[in-house]
Amino acid sequence: MTTSPYTSQSAFDGSRMRVTLLVDLQEGAQQQFLDAYEYMRDRVASVPGHLGDQLCQSVENPSQWLITSEWETAVPYLAWVSSEEHIETVKPLQSCVRDLRSMRYGIVRETGGARPGTGGLQTAARVGDGVTRHALTFTVKPGSESKVAEILAGYAPPQARVDDSTRLRRTTLFMHGNRVVRTVEVEGDLMAALRHVSRQPEVRAVEEALNPHLELRRDLSDPESARAFFTRAAMPPVHHAARGGPEPDDITRHALYYPARKGCGMALARLLSLQDEAALADPAGPVHRSTVFQREDIVVRLIDVRGDPETDPVMALGIHGPRKPAVLARLLDGAALGLAGPLTGERDANRLLAHADMIPITDRRAAQS
């Protein structure tokens, strides 16, 4: 996949990726950490797409460590990090660290050139807007949807400013049946912003109020339970593209829910990403900005569009082109979406839009964002 000039983030460009984990150990936990690393290394060595890893210790502070791993492309890494196997693999690591921060990088240049059979280099440096997007998704007990919507719509927003370099820009929440999707936009350090939000009393009260309604139980007073829940809920952004320039006055935000057939989530996300690049290349198209989030067989597309998406449902859905509806039909779990019968062509766009469009619950912007 060749990314367009509008793309600032993509898991589908075929470039190698390096993942770094910055680890700050609990006092006296060094041997436990080394044992956990050996266990983790043995498990990850057999994961397709994994090329190797290194463990490094700080020369200034022995409690600080760095784990780096290299991957053929972002796709196998994202599949691995979203799996239950990954959650079980890293569990021994969690109890011996004081703080852990993960960062992911596409490899742009390297000394000696690319190694044969290890994936390519990122072809060009991308230009972003300084904003990081993150999403969480979880399901609530059937029958509790209206109460959950009331809880999520009614809380006071947390403080937007985290520190001198980080602030929350925007939070949007949507529902589709009993599935909740929460997206946040952060200027600066995403992890610092997420930690800041989790400590806010308004947010903690909302999370506690949600607990009785969740399908997947959690105990927020237990760090391991809370960590496992939010790990399973995280939806990585796999593609982001934006037209750039001033935002038009008639922009509206929508979230579209695309449940994939088993094992087809990444392929579906890739299809939608390709279609978004084509949509943004059309000067007359309604799509101004799009982010595709994917975890296993759940794909969510957050789009900012000019005007009403129903006036051009084909473009808004990301299925324009003579054969794309048929490809989408092969990847999409229509039954999970509530569709009766297969998609047969572009005339089905309104029907799909009616089923895929998520219900907006709240959309909060920070001042001057």
# chains A, B, ... in the order shown; residues from 1 in each chain; ligands from 1
>>> closest_atom_pairs(of="stretch 180-269 of chain A", to="stretch 68-77 of chain A", cutoff="12 Å", atoms="only C-alpha atoms", output="JSON lines")
{"residue": "A:Pro236", "atom": "CA", "partner": "A:Ala74", "partner_atom": "CA", "distance": 11.1}
{"residue": "A:Pro237", "atom": "CA", "partner": "A:Ala74", "partner_atom": "CA", "distance": 11.3}
{"residue": "A:Val238", "atom": "CA", "partner": "A:Val75", "partner_atom": "CA", "distance": 8.7}
{"residue": "A:His239", "atom": "CA", "partner": "A:Ala74", "partner_atom": "CA", "distance": 11.1}
{"residue": "A:Gly265", "atom": "CA", "partner": "A:Val75", "partner_atom": "CA", "distance": 11.1}
{"residue": "A:Met266", "atom": "CA", "partner": "A:Val75", "partner_atom": "CA", "distance": 7.7}
{"residue": "A:Ala267", "atom": "CA", "partner": "A:Val75", "partner_atom": "CA", "distance": 9.9}
{"residue": "A:Ala269", "atom": "CA", "partner": "A:Val75", "partner_atom": "CA", "distance": 10.7}
>>> residues_around(residues="stretch 356-366 of chain A", least_positions_apart="4", cutoff="7 Å", atoms="only C-alpha atoms", output="MDAnalysis selection string")
chainID A and resid 149 153 160 168:176 255:258 337 352
>>> closest_residue(among="A:Glu84, A:Asp304, A:Asp189, A:Asp99", to="A:Asp250", atoms="only C-alpha atoms")
A:Asp304
>>> select_by_dssp(residues="stretch 10-213 of chain A", states="strand (DSSP E or B)", output="ChimeraX atom specification")
/A:10,15,17-25,50-57,64-71,97-106,120,131-140,161,167-176,179-187
>>> residues_around(residues="A:Pro5", least_positions_apart="3", cutoff="12 Å", atoms="only C-alpha atoms", output="PyMOL selection string")
chain A and resi 2+8-10+123-128+240-244+277-278+280-281
>>> closest_residue(among="A:Arg270, A:Val305, A:Gly14, A:Glu224", to="A:Gly285", atoms="only C-alpha atoms")
A:Val305
>>> closest_residue(among="A:Ser146, A:Gln122, A:Ser95, A:Gln32", to="A:Phe12", atoms="only C-alpha atoms")
A:Gln122
>>> select_by_dssp(residues="stretch 134-240 of chain A", states="alpha helix (DSSP H)", output="ChimeraX atom specification")
/A:145-154,190-199,201-210,223-233
>>> atom_distance(atom1="atom CA of A:Thr139", atom2="atom CA of A:Glu208")
15.2 Å
>>> closest_residue(among="A:Glu145, A:Asp129, A:Asp13, A:Asp164", to="A:Leu214", atoms="only C-alpha atoms")
A:Glu145
>>> atom_distance(atom1="atom CA of A:Gly338", atom2="atom CA of A:His355")
6.7 Å
>>> residues_around(residues="A:Leu93", least_positions_apart="3", cutoff="6 Å", atoms="only C-alpha atoms", output="count of residues only")
3
>>> atom_distance(atom1="atom CA of A:Ser63", atom2="atom CA of A:Leu25")
5.2 Å
>>> residues_around(residues="A:Gln94", least_positions_apart="2", cutoff="12 Å", atoms="only C-alpha atoms", output="short mmCIF file (atom, residue, chain, number, x, y, z; two decimals) with C-alpha atoms, in the first residue's frame")
data_model
loop_
_atom_site.label_atom_id
_atom_site.label_comp_id
_atom_site.auth_asym_id
_atom_site.auth_seq_id
_atom_site.Cartn_x
_atom_site.Cartn_y
_atom_site.Cartn_z
CA VAL A 23 10.53 0.09 32.06
CA ASP A 24 11.01 1.46 35.57
CA LEU A 25 11.31 -1.42 38.06
CA GLN A 26 9.92 -1.76 41.53
CA ALA A 29 12.26 -6.74 41.54
CA GLN A 32 11.70 -11.26 38.90
CA PHE A 33 11.87 -8.91 35.93
CA ALA A 36 9.63 -12.46 33.24
CA TYR A 37 11.63 -11.20 30.26
CA MET A 40 8.20 -13.32 27.37
CA ILE A 87 -2.08 -10.41 27.62
CA GLU A 88 -1.04 -13.71 29.23
CA THR A 89 2.55 -13.36 28.02
CA VAL A 90 3.17 -9.94 29.55
CA LYS A 91 1.27 -10.62 32.80
CA PRO A 92 4.41 -11.70 34.77
CA CYS A 96 7.44 -6.02 38.97
CA VAL A 97 7.31 -2.66 37.17
CA ARG A 98 6.61 0.75 38.65
CA ASP A 99 6.00 2.34 35.27
CA LEU A 100 5.97 1.07 31.69
CA ARG A 101 5.68 3.06 28.49
CA PRO A 223 -4.49 -2.74 39.40
CA GLU A 224 -4.14 -6.05 37.55
CA SER A 225 -7.90 -6.31 36.91
CA ALA A 226 -8.10 -2.69 35.72
CA ARG A 227 -5.01 -3.10 33.52
CA ALA A 228 -6.40 -6.26 31.89
#
>>> closest_residue(among="A:Leu210, A:Ile303, A:Leu55, A:Leu331", to="A:Lys141", atoms="only C-alpha atoms")
A:Leu210
>>> closest_residue(among="A:Ala279, A:Leu302, A:Val287, A:Ala156", to="A:Glu185", atoms="only C-alpha atoms")
A:Leu302
